[in-house]
file data_16.txt (compact mmCIF, C-alpha atoms)
# COMPACT_ATOMS: atom_id res chain seq x y z
CA MET A 1 10.00 -7.04 -8.90
CA ASP A 2 7.01 -5.33 -10.56
CA ILE A 3 4.48 -3.25 -8.61
CA THR A 4 1.31 -2.25 -10.45
CA TRP A 5 -1.48 -0.05 -9.07
CA TYR A 6 -5.15 -0.66 -9.87
CA GLY A 7 -6.52 2.37 -8.04
CA HIS A 8 -7.36 3.23 -4.44
CA SER A 9 -5.25 0.88 -2.23
CA CYS A 10 -5.07 -2.08 -4.62
CA PHE A 11 -1.68 -3.19 -5.95
CA ARG A 12 -0.33 -6.34 -7.55
CA LEU A 13 3.19 -7.38 -6.55
CA THR A 14 4.96 -9.86 -8.78
CA GLU A 15 8.46 -11.25 -9.03
CA ARG A 16 9.80 -13.94 -11.33
CA ASN A 17 9.46 -17.45 -9.88
CA LYS A 18 7.51 -16.11 -6.89
CA ILE A 19 3.86 -15.88 -5.96
CA SER A 20 1.82 -12.80 -6.92
CA VAL A 21 0.18 -10.73 -4.20
CA VAL A 22 -2.89 -8.49 -4.50
CA THR A 23 -3.48 -5.90 -1.77
CA ASP A 24 -6.85 -4.43 -0.71
CA PRO A 25 -9.00 -5.33 -3.76
CA PHE A 26 -12.03 -3.04 -4.07
CA ALA A 27 -15.63 -3.58 -5.15
CA ASP A 28 -16.91 -1.53 -8.08
CA THR A 29 -19.49 0.02 -5.73
CA ILE A 30 -16.81 2.61 -4.80
CA GLY A 31 -17.05 4.03 -8.33
CA LEU A 32 -13.99 2.51 -10.04
CA PRO A 33 -14.29 -0.13 -12.80
CA PRO A 34 -14.44 -3.79 -11.71
CA LEU A 35 -11.08 -5.43 -11.09
CA LYS A 36 -9.81 -8.03 -13.56
CA LEU A 37 -7.03 -9.55 -11.52
CA LYS A 38 -5.49 -12.90 -10.70
CA GLY A 39 -3.32 -13.57 -7.66
CA ASP A 40 -1.94 -16.24 -5.35
CA VAL A 41 -2.36 -14.19 -2.16
CA VAL A 42 -4.82 -11.44 -1.25
CA THR A 43 -4.24 -9.20 1.77
CA ILE A 44 -7.08 -7.20 3.31
CA SER A 45 -6.28 -4.33 5.67
CA HIS A 46 -9.84 -3.85 6.93
CA ASP A 47 -13.40 -4.83 6.22
CA GLU A 48 -14.81 -2.17 3.88
CA PRO A 49 -15.86 -2.41 0.20
CA GLY A 50 -12.90 -0.30 -0.90
CA HIS A 51 -10.47 -2.83 0.59
CA ASN A 52 -12.04 -6.27 1.12
CA HIS A 53 -13.37 -7.51 -2.23
CA ALA A 54 -11.36 -10.75 -2.37
CA ALA A 55 -14.05 -12.24 -4.62
CA GLY A 56 -12.82 -9.90 -7.36
CA VAL A 57 -9.46 -11.70 -7.54
CA LYS A 58 -9.32 -14.89 -9.59
CA GLY A 59 -7.04 -17.86 -9.00
CA ASP A 60 -8.32 -19.30 -5.67
CA PRO A 61 -5.88 -17.15 -3.64
CA HIS A 62 -4.87 -17.42 0.01
CA ILE A 63 -6.74 -14.61 1.78
CA LEU A 64 -5.03 -12.88 4.72
CA THR A 65 -7.06 -10.63 7.00
CA ASN A 66 -5.29 -10.82 10.36
CA PRO A 67 -2.00 -9.87 11.99
CA GLY A 68 0.58 -12.65 12.09
CA GLU A 69 3.53 -14.17 10.27
CA TYR A 70 3.03 -16.18 7.09
CA GLU A 71 5.26 -17.89 4.54
CA ILE A 72 3.57 -18.62 1.23
CA GLY A 73 5.44 -19.69 -1.89
CA GLY A 74 8.78 -18.50 -0.55
CA VAL A 75 7.48 -15.02 0.33
CA PHE A 76 7.43 -13.95 3.98
CA ILE A 77 4.41 -11.83 4.89
CA THR A 78 3.92 -10.12 8.24
CA GLY A 79 0.54 -8.67 9.19
CA ILE A 80 1.04 -5.79 11.63
CA PRO A 81 -1.82 -4.33 13.68
CA MET A 82 -1.94 -0.57 13.13
CA HIS A 83 -5.45 0.12 14.39
CA PHE A 84 -6.64 3.68 14.87
CA VAL A 85 -7.96 4.55 18.33
CA GLU A 86 -9.63 7.89 19.04
CA GLY A 87 -11.36 8.20 22.39
CA LYS A 88 -13.55 5.12 22.71
CA THR A 89 -13.61 4.49 18.97
CA ALA A 90 -11.22 1.91 17.51
CA ARG A 91 -10.94 1.27 13.79
CA ARG A 92 -9.20 -1.88 12.64
CA ASN A 93 -6.30 -1.64 10.20
CA VAL A 94 -3.70 -4.30 9.37
CA ALA A 95 -0.52 -3.29 7.53
CA TYR A 96 1.37 -5.97 5.61
CA LEU A 97 5.12 -6.26 5.16
CA PHE A 98 6.18 -8.43 2.22
CA ASP A 99 9.70 -9.85 2.00
CA PHE A 100 10.55 -11.03 -1.52
CA ASP A 101 14.10 -12.21 -0.78
CA ASN A 102 16.10 -8.98 -1.06
CA ILE A 103 13.20 -6.53 -1.51
CA THR A 104 10.74 -5.53 1.22
CA VAL A 105 7.42 -3.80 0.53
CA LEU A 106 5.16 -2.31 3.22
CA HIS A 107 1.46 -1.68 2.49
CA LEU A 108 -0.01 0.52 5.21
CA GLY A 109 -3.69 -0.09 4.46
CA ASP A 110 -5.86 2.72 5.81
CA LEU A 111 -3.32 3.96 8.33
CA ALA A 112 -4.77 7.09 9.95
CA HIS A 113 -2.09 8.09 12.47
CA VAL A 114 1.68 8.51 12.66
CA PRO A 115 3.03 5.33 14.35
CA ASP A 116 5.25 5.60 17.40
CA GLN A 117 8.99 5.03 17.24
CA SER A 118 8.88 1.47 18.62
CA THR A 119 6.39 0.42 15.91
CA ILE A 120 8.61 1.95 13.22
CA GLU A 121 11.77 0.28 14.55
CA ALA A 122 10.07 -3.11 14.66
CA LEU A 123 9.47 -2.92 10.90
CA GLY A 124 13.18 -3.14 10.07
CA GLU A 125 14.29 -1.94 6.65
CA VAL A 126 11.50 -1.04 4.24
CA ASN A 127 12.54 -0.67 0.59
CA VAL A 128 9.16 0.27 -0.90
CA LEU A 129 6.39 2.04 1.02
CA LEU A 130 2.78 1.95 -0.26
CA LEU A 131 1.24 4.88 1.58
CA PRO A 132 -2.26 6.42 1.92
CA VAL A 133 -2.01 10.17 1.32
CA GLY A 134 -5.48 11.52 0.46
CA GLY A 135 -7.19 11.80 3.84
CA GLY A 136 -10.68 10.42 4.26
CA LYS A 137 -10.16 7.66 6.81
CA GLY A 138 -6.42 7.50 6.04
CA LEU A 139 -3.40 9.75 6.42
CA ARG A 140 -3.52 13.31 5.14
CA ALA A 141 -0.64 14.68 3.08
CA ALA A 142 1.38 16.23 5.91
CA GLN A 143 0.98 13.13 8.12
CA ALA A 144 1.99 10.89 5.21
CA ALA A 145 5.17 12.94 4.66
CA GLU A 146 5.97 12.54 8.37
CA VAL A 147 5.59 8.76 8.10
CA VAL A 148 8.00 8.71 5.13
CA ALA A 149 10.58 10.62 7.19
CA LEU A 150 10.29 8.06 10.00
CA ILE A 151 10.41 4.88 7.87
CA GLU A 152 13.00 6.16 5.35
CA PRO A 153 12.18 3.80 2.44
CA GLN A 154 14.04 3.97 -0.87
CA PHE A 155 10.78 4.26 -2.84
CA VAL A 156 7.44 5.79 -1.85
CA VAL A 157 4.28 5.02 -3.83
CA PRO A 158 1.23 7.11 -2.85
CA MET A 159 -2.23 5.51 -2.82
CA HIS A 160 -5.74 6.21 -1.49
CA TYR A 161 -6.20 9.65 -3.09
CA ALA A 162 -8.68 11.34 -5.41
CA LEU A 163 -9.39 9.57 -8.71
CA PRO A 164 -12.08 10.23 -11.34
CA GLY A 165 -15.20 8.21 -10.54
CA LEU A 166 -14.56 7.62 -6.84
CA LYS A 167 -17.79 8.01 -4.87
CA PHE A 168 -16.14 9.60 -1.84
CA ASP A 169 -13.99 12.66 -1.40
CA LEU A 170 -10.22 12.32 -1.07
CA GLU A 171 -7.50 14.91 -1.55
CA PRO A 172 -5.41 14.94 -4.78
CA VAL A 173 -1.95 13.41 -4.83
CA ASP A 174 -0.43 16.85 -5.60
CA LYS A 175 -0.97 17.86 -1.98
CA PHE A 176 1.28 15.00 -0.83
CA LEU A 177 3.90 15.77 -3.49
CA LYS A 178 4.01 19.35 -2.23
CA ALA A 179 4.39 18.16 1.38
CA MET A 180 7.31 15.98 0.23
CA GLY A 181 8.88 18.82 -1.74
CA ALA A 182 8.74 16.54 -4.77
CA GLY A 183 7.25 18.99 -7.27
CA LYS A 184 5.83 17.45 -10.44
CA VAL A 185 6.47 13.70 -10.69
CA GLN A 186 6.00 11.82 -13.94
CA GLU A 187 3.53 8.94 -13.72
CA VAL A 188 4.63 5.45 -14.75
CA ASP A 189 2.59 2.32 -15.46
CA THR A 190 4.63 -0.04 -13.28
CA LEU A 191 7.40 0.32 -10.72
CA LYS A 192 10.13 -2.15 -11.68
CA ILE A 193 12.81 -2.69 -9.02
CA THR A 194 15.87 -4.87 -8.67
CA ALA A 195 17.87 -5.34 -5.48
CA SER A 196 20.78 -3.43 -7.04
CA GLU A 197 18.62 -0.27 -7.19
CA LEU A 198 18.11 -0.11 -3.43
CA SER A 199 21.23 1.85 -2.53
CA GLY A 200 19.72 5.34 -2.67
CA GLU A 201 19.82 7.30 0.57
CA GLN A 202 16.92 9.63 -0.21
CA SER A 203 13.32 8.47 -0.57
CA GLN A 204 12.15 8.66 -4.19
CA VAL A 205 8.45 9.29 -4.82
CA ILE A 206 6.95 7.24 -7.65
CA VAL A 207 3.42 8.04 -8.86
CA LEU A 208 1.81 5.10 -10.63
CA LYS A 209 -0.93 5.35 -13.27
CA PRO A 210 -3.96 3.37 -12.12
CA GLN A 211 -4.49 0.41 -14.45
CA ILE A 212 -8.25 0.81 -14.68
call {"tool": "encode", "arguments": {"input": "data_16.txt", "output": "structure tokens"}}
result
Amino acid sequence: MDITWYGHSCFRLTERNKISVVTDPFADTIGLPPLKLKGDVVTISHDEPGHNHAAGVKGDPHILTNPGEYEIGGVFITGIPMHFVEGKTARRNVAYLFDFDNITVLHLGDLAHVPDQSTIEALGEVNVLLLPVGGGKGLRAAQAAEVVALIEPQFVVPMHYALPGLKFDLEPVDKFLKAMGAGKVQEVDTLKITASELSGEQSQVIVLKPQI
């Protein structure tokens, strides 16, 4: 499986002989260059320009915006409500769990709180965690590190953090790396994973270069 990051919360997940999935495509109004992407499925965690620009993905994709269970092209996708509630204010957020046969990937959207134990247990095993770390309307670094400790994935890919050109303020990824005790992590263009590489007991942080 290949996981490529296009900035903010937008990834493309591909595996040979399977559909391709694009998560949270953004509009160029957020300050990043326009997306040039094709996909079979688009998932949208919530309705904001940084996450909902399905029109920027070519290929007439299936567009998923709601919680539920889906099977498309042999890939099982579960939309999980992880809305943020503070006082009387509720902010919608749908996380998506992708099951590509022997590899599971969880995209947490704009998660802004640490989920309770029952929510974590219901996820089952998560091999790759795509995790907001830069604050704003999503998790801050220390909260994100706490979520990693609860989910215990083999690989952690940070997203939703400061990038050149972004029109809103987010914290740099270094703050999350420090919270994880990861030190300096070398960036890579694409995370390539096979099922045989999923035996590690400790979560490994992978920082992807945005393909923009």
call {"tool": "residues_near_point", "arguments": {"input": "data_16.txt", "point": "(13.0, -18.8, -8.5)", "cutoff": "12 Å", "atoms": "only C-alpha atoms", "output": "PDB file with C-alpha atoms, in the coordinates of the input"}}
result
ATOM      1  CA  GLU A  15       8.460 -11.250  -9.030  1.00  0.00           C
ATOM      2  CA  ARG A  16       9.800 -13.940 -11.330  1.00  0.00           C
ATOM      3  CA  ASN A  17       9.460 -17.450  -9.880  1.00  0.00           C
ATOM      4  CA  LYS A  18       7.510 -16.110  -6.890  1.00  0.00           C
ATOM      5  CA  ILE A  19       3.860 -15.880  -5.960  1.00  0.00           C
ATOM      6  CA  GLY A  73       5.440 -19.690  -1.890  1.00  0.00           C
ATOM      7  CA  GLY A  74       8.780 -18.500  -0.550  1.00  0.00           C
ATOM      8  CA  VAL A  75       7.480 -15.020   0.330  1.00  0.00           C
ATOM      9  CA  PHE A 100      10.550 -11.030  -1.520  1.00  0.00           C
ATOM     10  CA  ASP A 101      14.100 -12.210  -0.780  1.00  0.00           C
TER      11      ASP A 101
END
call {"tool": "residues_around", "arguments": {"input": "data_16.txt", "residues": "range 182-186 of chain A", "least_positions_apart": "3", "cutoff": "9 Å", "atoms": "only C-alpha atoms", "output": "MDAnalysis selection string"}}
result
chainID A and resid 174 176:179 204:208
call {"tool": "residues_near_point", "arguments": {"input": "data_16.txt", "point": "(3.4, 12.6, 4.5)", "cutoff": "10 Å", "atoms": "all atoms listed in the file", "output": "MDAnalysis selection string"}}
result
chainID A and resid 114 131:134 139:150 158 175:180
call {"tool": "closest_residue", "arguments": {"input": "data_16.txt", "among": "A:Leu106, A:Leu111, A:Leu166, A:Thr119", "to": "Pro153 in chain A", "atoms": "only C-alpha atoms"}}
result
A:Leu106
call {"tool": "closest_residue", "arguments": {"input": "data_16.txt", "among": "A:Lys167, A:Lys209, A:Lys137, A:Lys192", "to": "Phe155 in chain A", "atoms": "all atoms listed in the file"}}
result
A:Lys192
call {"tool": "closest_residue", "arguments": {"input": "data_16.txt", "among": "A:Leu32, A:Leu97, A:Ile3, A:Ala112", "to": "Gly136 in chain A", "atoms": "only C-alpha atoms"}}
result
A:Ala112
call {"tool": "axis_aligned_box", "arguments": {"input": "data_16.txt", "around": "range 94-97 of chain A", "padding_each_side": "5 Å", "output": "lines of an AutoDock Vina configuration file"}}
result
center_x = 0.7
center_y = -4.8
center_z = 7.3
size_x = 18.8
size_y = 13.0
size_z = 14.2
call {"tool": "atom_distance", "arguments": {"input": "data_16.txt", "atom1": "CA of Leu123 in chain A", "atom2": "CA of Ile151 in chain A"}}
result
8.4 Å
call {"tool": "atom_distance", "arguments": {"input": "data_16.txt", "atom1": "CA of Asp40 in chain A", "atom2": "CA of Val21 in chain A"}}
result
6.0 Å
call {"tool": "closest_atom_pairs", "arguments": {"input": "data_16.txt", "of": "range 86-181 of chain A", "to": "range 45-53 of chain A", "cutoff": "9 Å", "atoms": "all atoms listed in the file", "output": "tab-separated table"}}
result
residue	atom	partner	partner_atom	distance
A:Arg91	CA	A:His46	CA	8.6
A:Arg92	CA	A:His46	CA	6.1
A:Asn93	CA	A:Ser45	CA	5.3
A:Val94	CA	A:Ser45	CA	4.5
A:Ala95	CA	A:Ser45	CA	6.1
A:Tyr96	CA	A:Ser45	CA	7.8
A:His107	CA	A:Ser45	CA	8.8
A:Leu108	CA	A:Ser45	CA	7.9
A:Gly109	CA	A:Ser45	CA	5.1
A:Asp110	CA	A:Ser45	CA	7.1
call {"tool": "write_last_selection", "arguments": {"input": "data_16.txt", "atoms": "C-alpha atoms", "output": "PDB file, in the frame of the given file"}}
result
ATOM      1  CA  ARG A  91     -10.940   1.270  13.790  1.00  0.00           C
ATOM      2  CA  ARG A  92      -9.200  -1.880  12.640  1.00  0.00           C
ATOM      3  CA  ASN A  93      -6.300  -1.640  10.200  1.00  0.00           C
ATOM      4  CA  VAL A  94      -3.700  -4.300   9.370  1.00  0.00           C
ATOM      5  CA  ALA A  95      -0.520  -3.290   7.530  1.00  0.00           C
ATOM      6  CA  TYR A  96       1.370  -5.970   5.610  1.00  0.00           C
ATOM      7  CA  HIS A 107       1.460  -1.680   2.490  1.00  0.00           C
ATOM      8  CA  LEU A 108      -0.010   0.520   5.210  1.00  0.00           C
ATOM      9  CA  GLY A 109      -3.690  -0.090   4.460  1.00  0.00           C
ATOM     10  CA  ASP A 110      -5.860   2.720   5.810  1.00  0.00           C
TER      11      ASP A 110
END
call {"tool": "closest_residue", "arguments": {"input": "data_16.txt", "among": "A:Tyr6, A:Phe26, A:Phe11, A:Phe98", "to": "Ala55 in chain A", "atoms": "all atoms listed in the file"}}
result
A:Phe26
call {"tool": "residues_around", "arguments": {"input": "data_16.txt", "residues": "Phe168 in chain A", "least_positions_apart": "2", "cutoff": "9 Å", "atoms": "all atoms listed in the file", "output": "PyMOL selection string"}}
result
chain A and resi 30-31+136+162+165-166+170
call {"tool": "write_last_selection", "arguments": {"input": "data_16.txt", "atoms": "C-alpha atoms", "output": "tab-separated table (two decimals), in the frame of the given file"}}
result
chain	number	residue	atom	x	y	z
A	30	ILE	CA	-16.81	2.61	-4.80
A	31	GLY	CA	-17.05	4.03	-8.33
A	136	GLY	CA	-10.68	10.42	4.26
A	162	ALA	CA	-8.68	11.34	-5.41
A	165	GLY	CA	-15.20	8.21	-10.54
A	166	LEU	CA	-14.56	7.62	-6.84
A	170	LEU	CA	-10.22	12.32	-1.07
call {"tool": "decode", "arguments": {"input": "data_16.txt", "residues": "range 126-139 of chain A", "atoms": "C-alpha atoms", "output": "compact mmCIF listing (two decimals), in the first residue's frame"}}
result
# COMPACT_ATOMS: atom_id res chain seq x y z
CA VAL A 126 -5.32 0.25 13.51
CA ASN A 127 -2.11 -0.23 11.51
CA VAL A 128 -1.69 3.33 10.20
CA LEU A 129 -3.01 6.43 11.98
CA LEU A 130 -3.44 9.71 10.06
CA LEU A 131 -3.57 12.24 12.88
CA PRO A 132 -4.14 16.02 13.21
CA VAL A 133 -1.39 17.49 15.39
CA GLY A 134 -1.22 21.26 14.77
CA GLY A 135 -4.09 22.64 16.83
CA GLY A 136 -6.46 25.12 15.25
CA LYS A 137 -9.75 23.23 15.30
CA GLY A 138 -7.95 19.88 15.66
CA LEU A 139 -5.80 18.14 18.25
